[in-house]
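K.L.:
Below you will find the structure I want to go over with you.
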Amino acid sequence: MIANIALTDARHAVDKLFDYLIPPELERVAKPGMRVLVPFGVRNTAVEGLILSVSQTSEFPSLKPLIRCLDPLPVLTEELISLCVWMRHQYLCSFQQSYRQVKPPYLGTRLRQWLFFLKDTEEKLSAPQRRLLDTLKEYDGFAEMAELEAALHRTSIRSSAYALQDKGLLEIREKIDNTISLKYIRKARLNFSPEEGYATADELRSRRATVQADMVLTLCDCGDLPTSDLVLISDGNYNALNALKDKGIISIYREPFLRTAYAPDQYTPSVPYIPTEEQKPVIDYLNRLITHNLHEKILLRGVTGSGKTEVFLQAIETCIKQGKQAIMLVPEISLTPQMVERFVSRFGTSVAVMHSGLSQGERFDQWYKIRHGEVDVVVGARSAIFAPFKRLGIIILDEEHEDSYKSETAPRYHARDIAFRRGAKHGAPVLLASATPSVTSYYRAKTQKYRLFEMHQRYNQNPLPKARIVDMRSELLDYHNMSSISIRLQDEIRRNLDKKEKTILFLNRRGYNTFVSCRQCGYVMECPHCSIALTYHRSSDHLACHYCGYTCQNVTVCPECGSQYIKFFGTGTQKIEEELYTLFPGVRVLRMDFDTTSGKGGHEILLNRFKNGEADILLGTQMVTKGLDFADVTLVGVLAADTSLNINDYRANERCFSLITQVCGRAGRGNTEGRAVIQTYQPENVTIRLAKEQNYPDFYENEMKYREKMQYPPFCDMIHIVLSGEDERQVKQEIANIGLLLNSRPEIQGAILQTIGPDPAPIAKIKNKFRYRIFLKAADTQQLLPLLRQISTAHNAGNSKNTLTIDINPTNML
DNA sequence: AGCACGCCGACT
DNA sequence: GTCGGCGTGCTC
C-alpha cells in the first residue's frame, strides 16, 4: 500500500506530494487524514506529513517506507482534506497554508536531535568539526543540537555533526514530540457493583481501614470521580487510594481534561419562544432543508432588532434534535459575551466557542471536543468555518456583509465561499443574514442564486429610530459652532441627560486619522519607512505609524519650513471626550477605542460598565456599532457620517450605509422610541439620505447602477496582484514581466474585462518595501486561475527577493 | 528548508 | 592542482 503525502511542516516549503510505502503493520491505521513521520531527503530526516490518499501503485520507482503514525485517529476527515486541496487551487496558496486553517490548532511536531559522543580520533578534523567534538566531550558526551549551536555561536552545526557521524565519532538520535498534548485527569472507578461495594466497605471497616471504607462508599454513591475530588469529598488521602488500587478494589484511569471557553453554570437556561409571523416561514423553510439534507443558499435580510438570532437558535435546535451539528459564524467584533450567552443559555454545554481571546490550550480543547463529537454547535469568528464536524446540519453567517469574513493572509479565503462548499458536501443549508446585506449577496438573491427572506418588523413592534441629518457646514457658517458636536445633537444629549437615558456616540474613523501637518507649507508628518501619514496620539503626545509601529515624539516646529504652525488635524475620540466634558459638566463618558479596550477583556469590561449605568454616554469607533443590545439607549449620534465616503474604494457607499444603519439600529431597543442624529458635511449625499431612512432597497438599486456602470463586483471579480520588495527597480521589473505575461494570452482575454497597472500601490511603501500592483477586473476568475498559478509558481521558482500576493476581491485595496 | 552537484576564483 | 564561493535543482 502506498500513501500520497503532503508535507505539513512549515519549515519545509515544498509544495509537492510524495509517495511513501505503508509498512504492513501500519496499514490499518495509516488512513487519509493521518499525520505521519516520513524520512525526507538524503539524510532521511524525519518530517511531518499528512496522508491525503492511499493507493496500490505509484509512478515513482523507489519508495521509502513511512516511519510511524503520529495520532491514534486521523486528525482530518476526508471532507476537510479535499477542502485543503481545493483551497490551495482556489486561493493560489501552498498546501501548508491551506492545511494550517484546518489542522488542530497548535498541534504539530518538533524535531530534537541529540548528539552522543562515541570516540575521538587522531585523524585531522576540520576546525568546526574539532570544536564540535571537543565541546560535546565537555557536555559529558551528550547534548542537544540546538544547545551546542548556542554554545558554539553557530547558526547551524548540522553538516559538521553529520560528517562526524559518518566518521563514526558520534551518533545522532532524533526525538519527535507533539507540540501540544492533551491535559489528562486521573479518575477512580469501583471495580464492583455498588451493592458489592457496600459489602466491601463494611469489610474494610471491620479491618479498621475506615478511610478506605469511606472512599469506597463515596464511589458507590457518586460513581466515577476524579481522584482529587474523591479525596476531597470522602476526606481521604492518596495512600488509601493507592492501597485500594493495589487491592484491586478500584482502578485508576486517565481521561482527557478539556477546558470550556465559558462558564456554563453562569447562564440561565432559555427556551424557544413562539416565532412571529415573519420568523415562522424562515424557520419552517430551514427545518425542511435540514430534515431532508438539502443544501441551499439563503439570504435573510432582517432589520436590526427583527429577531434574526431566534431564527438561528430554532434552526440549530432542529439540527441537534436530528443528530447533526451547526456552525454559527459571527464577526469577531460582535462575538461578545452577550452573543455567547444567547447560545449557551439555549444549548448548554453542547456549545463550543472559538474566538481570538482563547489560550492555546483552550483553543485546542475546543477543537478536540468538536472532532470527537462532544459538542453540537460552534459559535465562532471566521476560522470556525473549518470546525471538523462530521454531519453538518446548517451553517449560519450573521452580519454576512462584514469584511472580517475575508482573510487577509494566505489562504485569502472568504468564509462565505468555504461555507457554500462545505454546505454542499454535507447537504446542509447555508444561511447568510444581515440587516444590510452586501450588494453582491443581495444581487445573487435577486437573481435566484440565493433564496431571499426578509423581515421588516422589529419584534417588540417598536418603530425604527427617528433619524435626522445635520448639515455640519452650516454649524460653522450660520451658528459659529466650532465644536464637532452640532447644536441639534447637543440639545438631544442634554434631553437624554435630563431623562437619565443613555446615549451612544459613534465616530467613524475609517480613512480619517489624526495627522500632523504644517499650516504654513502644507507638509505632513510621514513615517520614514512607509509612505503613510503618522497618526497623532494625544495621551502620550507621540506620533505613530499603524503599518510598521514606528513612533516618535511630536514636533513643534515644521521640519520642512521651520514654522511653528504645525498642528494635528482630524478628530479623535479623545478630543470629543474633552468637548463633552466642557459642554456638559459632570457628564459620565465611557470612551471605547483602541487605547481603552486593548487589555484582556477590556471590551467586555467597558460594555458591562455601560450596561450597569456607570456612564451616560458611550463614545467610540467601529466597536460601538456591533452586537450591542442595551434596552435603555434612546439616542445615537453619528459624528461624521461622510468620512468613509471619501476613501478610494468601490465599497465606500456600501460600508457607509451599513455602518450608519447598524449604529442607528442601536437606539430604541427597549420600550421607548429611539432617536438618531447624523452629522455630515454632505447632507445631499444619496447614501447618507437613504441610510437615514433605513431604506435598503433604494440604496441597493442606486448602488447597482453605479457598480454596473463602473464594472465593479458583483459584475466582476477584482483580482489584486501586489509585488513588494526593497529594491524598487527589481520590483518594477518583475511586475512588468507579470503584466506582459497577462497580456500575452489571447485565449484568456475574454475572462479579463480590464487590466489596471502595473502602478505603484496607493501605499507605495510599507516597512521600507516598495509596492507595485496590477488590478484585474475578471469576468471569469475560474478561467484565470491556471494563469495566476503560473505567475505564482514562476515567482517562487525564480528565487525572487520580492513578495507576491494575489488576492481575489480583497477587503482593502491599499 | 536542507543538501548535493557544479562551475569559477584564491590558496597550499 | 584543491578548497570553497553560492547559483540551480531535487527531495517520494
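Going by the C-alpha cells order, chains are called A, B, ..., each with residues numbered from 1, while ligands are numbered from 1 in the order shown.
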Compile the residues of chain C that lie within 9 Å of chain A, evaluated using only C-alpha atoms (C1' of nucleotides), and express the compilation as a JSON list (two decimals) with C-alpha atoms (C1' of nucleotides), in the first residue's frame.

P.N.:
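Generated output (result_13.json):
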[["chain", "number", "residue", "atom", "x", "y", "z"],
["C", 10, "DC", "C1'", 15.65, 17.91, -6.12],
["C", 11, "DT", "C1'", 13.61, 15.76, -2.19],
["C", 12, "DC", "C1'", 8.90, 10.01, -2.89]]

K.L.:
For the interface of chain B with chain A (cut-off 9 Å, counting only C-alpha atoms (C1' of nucleotides)), please tabulate each contacting residue of chain B alongside its nearest pair of atoms and their separation in Å to one decimal, rows sorted by chain and increasing number, as a Markdown table.

P.N.:
| residue | atom | partner | partner_atom | distance |
| --- | --- | --- | --- | --- |
| B:DA1 | C1' | A:His12 | CA | 4.8 |
| B:DG2 | C1' | A:Gly41 | CA | 8.1 |
| B:DC3 | C1' | A:Val42 | CA | 7.3 |
| B:DA4 | C1' | A:Val42 | CA | 8.9 |

K.L.:
Just give me the gap between atom CA of A:Cys527 and atom CA of A:Tyr550 in Å, one decimal is fine.

P.N.:
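Here the two named atoms are 7.2 Å from each other.
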
K.L.:
Quick one, how far is atom CA of A:Asp71 from atom CA of A:Met34?

P.N.:
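Atom-to-atom, atom CA of A:Asp71 and atom CA of A:Met34 are spaced 6.9 Å apart.
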
K.L.:
Find the distance between atom CA of A:Pro758 and atom CA of A:Lys732 and write it in Å to one decimal.

P.N.:
8.3 Å

K.L.:
Do a neighbour search on C:DC6 at 12 Å with only C-alpha atoms (C1' of nucleotides), toss out local chain neighbours closer than 3 positions, and write the hits as a PDB file with all heavy atoms, in the first residue's frame.

P.N.:
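Result file out-v4.pdb:
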ATOM      1  P    DG B   6      27.810  16.895 -10.951  1.00  0.00           P
ATOM      2  OP1  DG B   6      27.328  16.148 -12.128  1.00  0.00           O
ATOM      3  OP2  DG B   6      29.001  16.446 -10.205  1.00  0.00           O
ATOM      4  O5'  DG B   6      28.036  18.422 -11.361  1.00  0.00           O
ATOM      5  C5'  DG B   6      26.930  19.245 -11.734  1.00  0.00           C
ATOM      6  C4'  DG B   6      27.390  20.687 -11.860  1.00  0.00           C
ATOM      7  O4'  DG B   6      27.371  21.309 -10.541  1.00  0.00           O
ATOM      8  C3'  DG B   6      28.832  20.832 -12.387  1.00  0.00           C
ATOM      9  O3'  DG B   6      28.870  21.845 -13.382  1.00  0.00           O
ATOM     10  C2'  DG B   6      29.631  21.251 -11.158  1.00  0.00           C
ATOM     11  C1'  DG B   6      28.578  22.040 -10.371  1.00  0.00           C
ATOM     12  N9   DG B   6      28.839  22.150  -8.938  1.00  0.00           N
ATOM     13  C8   DG B   6      29.321  21.157  -8.111  1.00  0.00           C
ATOM     14  N7   DG B   6      29.450  21.561  -6.865  1.00  0.00           N
ATOM     15  C5   DG B   6      29.043  22.889  -6.888  1.00  0.00           C
ATOM     16  C6   DG B   6      28.967  23.842  -5.827  1.00  0.00           C
ATOM     17  O6   DG B   6      29.261  23.689  -4.647  1.00  0.00           O
ATOM     18  N1   DG B   6      28.502  25.065  -6.285  1.00  0.00           N
ATOM     19  C2   DG B   6      28.152  25.344  -7.582  1.00  0.00           C
ATOM     20  N2   DG B   6      27.726  26.565  -7.829  1.00  0.00           N
ATOM     21  N3   DG B   6      28.216  24.466  -8.573  1.00  0.00           N
ATOM     22  C4   DG B   6      28.663  23.265  -8.154  1.00  0.00           C
ATOM     23  P    DC B   7      29.639  21.574 -14.704  1.00  0.00           P
ATOM     24  OP1  DC B   7      28.629  21.254 -15.717  1.00  0.00           O
ATOM     25  OP2  DC B   7      30.763  20.649 -14.437  1.00  0.00           O
ATOM     26  O5'  DC B   7      30.278  23.008 -15.053  1.00  0.00           O
ATOM     27  C5'  DC B   7      29.450  24.172 -15.031  1.00  0.00           C
ATOM     28  C4'  DC B   7      30.110  25.258 -14.214  1.00  0.00           C
ATOM     29  O4'  DC B   7      30.173  24.876 -12.825  1.00  0.00           O
ATOM     30  C3'  DC B   7      31.553  25.609 -14.614  1.00  0.00           C
ATOM     31  O3'  DC B   7      31.593  26.957 -15.045  1.00  0.00           O
ATOM     32  C2'  DC B   7      32.370  25.366 -13.343  1.00  0.00           C
ATOM     33  C1'  DC B   7      31.287  25.520 -12.262  1.00  0.00           C
ATOM     34  N1   DC B   7      31.605  24.881 -10.966  1.00  0.00           N
ATOM     35  C2   DC B   7      31.406  25.624  -9.777  1.00  0.00           C
ATOM     36  O2   DC B   7      30.983  26.777  -9.841  1.00  0.00           O
ATOM     37  N3   DC B   7      31.680  25.044  -8.582  1.00  0.00           N
ATOM     38  C4   DC B   7      32.152  23.787  -8.545  1.00  0.00           C
ATOM     39  N4   DC B   7      32.397  23.246  -7.353  1.00  0.00           N
ATOM     40  C5   DC B   7      32.355  23.016  -9.740  1.00  0.00           C
ATOM     41  C6   DC B   7      32.065  23.595 -10.911  1.00  0.00           C
ATOM     42  P    DC B   8      32.854  27.679 -15.580  1.00  0.00           P
ATOM     43  OP1  DC B   8      32.665  27.882 -16.997  1.00  0.00           O
ATOM     44  OP2  DC B   8      34.077  26.998 -15.096  1.00  0.00           O
ATOM     45  O5'  DC B   8      32.696  29.090 -14.840  1.00  0.00           O
ATOM     46  C5'  DC B   8      33.753  30.038 -14.853  1.00  0.00           C
ATOM     47  C4'  DC B   8      34.041  30.497 -13.427  1.00  0.00           C
ATOM     48  O4'  DC B   8      33.809  29.404 -12.509  1.00  0.00           O
ATOM     49  C3'  DC B   8      35.488  30.947 -13.210  1.00  0.00           C
ATOM     50  O3'  DC B   8      35.526  32.365 -13.001  1.00  0.00           O
ATOM     51  C2'  DC B   8      35.950  30.182 -11.977  1.00  0.00           C
ATOM     52  C1'  DC B   8      34.681  29.540 -11.420  1.00  0.00           C
ATOM     53  N1   DC B   8      34.917  28.184 -10.853  1.00  0.00           N
ATOM     54  C2   DC B   8      34.803  27.988  -9.468  1.00  0.00           C
ATOM     55  O2   DC B   8      34.530  28.937  -8.737  1.00  0.00           O
ATOM     56  N3   DC B   8      35.022  26.736  -8.963  1.00  0.00           N
ATOM     57  C4   DC B   8      35.327  25.734  -9.794  1.00  0.00           C
ATOM     58  N4   DC B   8      35.519  24.519  -9.266  1.00  0.00           N
ATOM     59  C5   DC B   8      35.440  25.918 -11.205  1.00  0.00           C
ATOM     60  C6   DC B   8      35.226  27.141 -11.697  1.00  0.00           C
TER      61       DC B   8
END

K.L.:
Quick one: residues within 10 Å of stretch 272-274 of chain A, only C-alpha atoms (C1' of nucleotides) counted, chain neighbours fewer than 5 positions away excluded, as a ChimeraX atom specification?

P.N.:
/A:279-280,310-311,313-314,317,346

K.L.:
Can you check which residues of stretch 251-302 of chain A DSSP gives as strand (DSSP E) on the backbone and send them as a list of chain:residue names?

P.N.:
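Matching residues for strand (DSSP E) in stretch 251-302 of chain A are A:Ser251, A:Ile252, A:Tyr253, A:Arg254, A:Glu255, A:Pro256, A:Phe257, A:Lys297, A:Ile298, A:Leu299, A:Leu300, A:Arg301, A:Gly302.
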
K.L.:
Could you save those same residues with all heavy atoms as a tab-separated table (two decimals), in the first residue's frame?

P.N.:
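Contents of out-v6.tsv, as written:
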chain	number	residue	atom	x	y	z
A	251	SER	N	-9.98	0.92	40.17
A	251	SER	CA	-8.93	1.13	39.19
A	251	SER	C	-8.87	2.62	38.85
A	251	SER	O	-9.87	3.34	38.97
A	251	SER	CB	-9.16	0.27	37.94
A	251	SER	OG	-10.52	0.19	37.65
A	252	ILE	N	-7.69	3.03	38.44
A	252	ILE	CA	-7.46	4.43	38.09
A	252	ILE	C	-7.28	4.50	36.58
A	252	ILE	O	-6.55	3.69	36.01
A	252	ILE	CB	-6.17	4.95	38.77
A	252	ILE	CG1	-6.17	4.68	40.27
A	252	ILE	CG2	-5.96	6.43	38.47
A	252	ILE	CD1	-7.14	5.51	41.05
A	253	TYR	N	-7.99	5.41	35.96
A	253	TYR	CA	-7.79	5.57	34.52
A	253	TYR	C	-7.66	7.05	34.19
A	253	TYR	O	-8.00	7.91	34.99
A	253	TYR	CB	-8.94	4.92	33.74
A	253	TYR	CG	-10.31	5.53	34.03
A	253	TYR	CD1	-10.86	6.49	33.17
A	253	TYR	CD2	-11.04	5.14	35.15
A	253	TYR	CE1	-12.09	7.03	33.43
A	253	TYR	CE2	-12.28	5.69	35.41
A	253	TYR	CZ	-12.80	6.63	34.55
A	253	TYR	OH	-14.02	7.19	34.80
A	254	ARG	N	-7.14	7.31	32.97
A	254	ARG	CA	-6.94	8.70	32.56
A	254	ARG	C	-8.02	9.11	31.58
A	254	ARG	O	-8.48	8.34	30.76
A	254	ARG	CB	-5.58	8.84	31.88
A	254	ARG	CG	-4.40	8.57	32.79
A	254	ARG	CD	-3.13	9.15	32.21
A	254	ARG	NE	-3.01	8.91	30.77
A	254	ARG	CZ	-2.17	9.58	29.99
A	254	ARG	NH1	-1.42	10.53	30.50
A	254	ARG	NH2	-2.08	9.30	28.71
A	255	GLU	N	-8.41	10.36	31.68
A	255	GLU	CA	-9.41	10.87	30.75
A	255	GLU	C	-8.95	12.26	30.32
A	255	GLU	O	-8.46	13.01	31.14
A	255	GLU	CB	-10.75	10.98	31.48
A	255	GLU	CG	-11.94	11.02	30.56
A	255	GLU	CD	-13.23	11.04	31.36
A	255	GLU	OE1	-13.60	12.13	31.84
A	255	GLU	OE2	-13.85	9.98	31.51
A	256	PRO	N	-9.10	12.60	29.02
A	256	PRO	CA	-8.69	13.95	28.62
A	256	PRO	C	-9.47	14.99	29.41
A	256	PRO	O	-10.68	14.86	29.59
A	256	PRO	CB	-9.06	14.01	27.14
A	256	PRO	CG	-9.26	12.62	26.71
A	256	PRO	CD	-9.67	11.84	27.93
A	257	PHE	N	-8.75	15.98	29.89
A	257	PHE	CA	-9.40	17.06	30.62
A	257	PHE	C	-9.54	18.23	29.67
A	257	PHE	O	-8.57	18.78	29.16
A	257	PHE	CB	-8.55	17.46	31.82
A	257	PHE	CG	-9.08	18.66	32.54
A	257	PHE	CD1	-10.20	18.56	33.34
A	257	PHE	CD2	-8.44	19.89	32.42
A	257	PHE	CE1	-10.69	19.67	33.99
A	257	PHE	CE2	-8.95	21.01	33.08
A	257	PHE	CZ	-10.07	20.90	33.87
A	297	LYS	N	-28.63	27.96	-0.60
A	297	LYS	CA	-28.05	29.21	-0.10
A	297	LYS	C	-29.20	30.19	0.14
A	297	LYS	O	-30.00	30.44	-0.75
A	297	LYS	CB	-27.07	29.77	-1.13
A	297	LYS	CG	-25.98	28.79	-1.51
A	297	LYS	CD	-25.17	29.31	-2.70
A	297	LYS	CE	-24.04	28.38	-3.05
A	297	LYS	NZ	-24.46	27.21	-3.84
A	298	ILE	N	-29.25	30.70	1.35
A	298	ILE	CA	-30.37	31.55	1.73
A	298	ILE	C	-29.87	32.86	2.28
A	298	ILE	O	-28.93	32.88	3.07
A	298	ILE	CB	-31.23	30.86	2.79
A	298	ILE	CG1	-31.81	29.56	2.21
A	298	ILE	CG2	-32.35	31.75	3.29
A	298	ILE	CD1	-31.98	28.50	3.21
A	299	LEU	N	-30.48	33.94	1.82
A	299	LEU	CA	-30.14	35.25	2.39
A	299	LEU	C	-31.33	35.74	3.19
A	299	LEU	O	-32.45	35.79	2.69
A	299	LEU	CB	-29.80	36.24	1.27
A	299	LEU	CG	-29.50	37.67	1.74
A	299	LEU	CD1	-28.25	37.72	2.59
A	299	LEU	CD2	-29.36	38.62	0.55
A	300	LEU	N	-31.06	36.09	4.44
A	300	LEU	CA	-32.12	36.63	5.30
A	300	LEU	C	-31.79	38.08	5.58
A	300	LEU	O	-30.79	38.39	6.24
A	300	LEU	CB	-32.19	35.83	6.61
A	300	LEU	CG	-33.10	36.40	7.70
A	300	LEU	CD1	-34.53	36.48	7.25
A	300	LEU	CD2	-32.98	35.55	8.97
A	301	ARG	N	-32.63	38.98	5.03
A	301	ARG	CA	-32.44	40.38	5.38
A	301	ARG	C	-33.48	40.74	6.42
A	301	ARG	O	-34.68	40.70	6.17
A	301	ARG	CB	-32.61	41.29	4.16
A	301	ARG	CG	-32.28	42.74	4.48
A	301	ARG	CD	-32.32	43.61	3.24
A	301	ARG	NE	-33.68	43.98	2.87
A	301	ARG	CZ	-34.33	45.02	3.40
A	301	ARG	NH1	-33.77	45.76	4.31
A	301	ARG	NH2	-35.56	45.29	3.00
A	302	GLY	N	-33.01	41.04	7.60
A	302	GLY	CA	-33.93	41.40	8.67
A	302	GLY	C	-33.45	42.67	9.33
A	302	GLY	O	-32.28	42.76	9.69
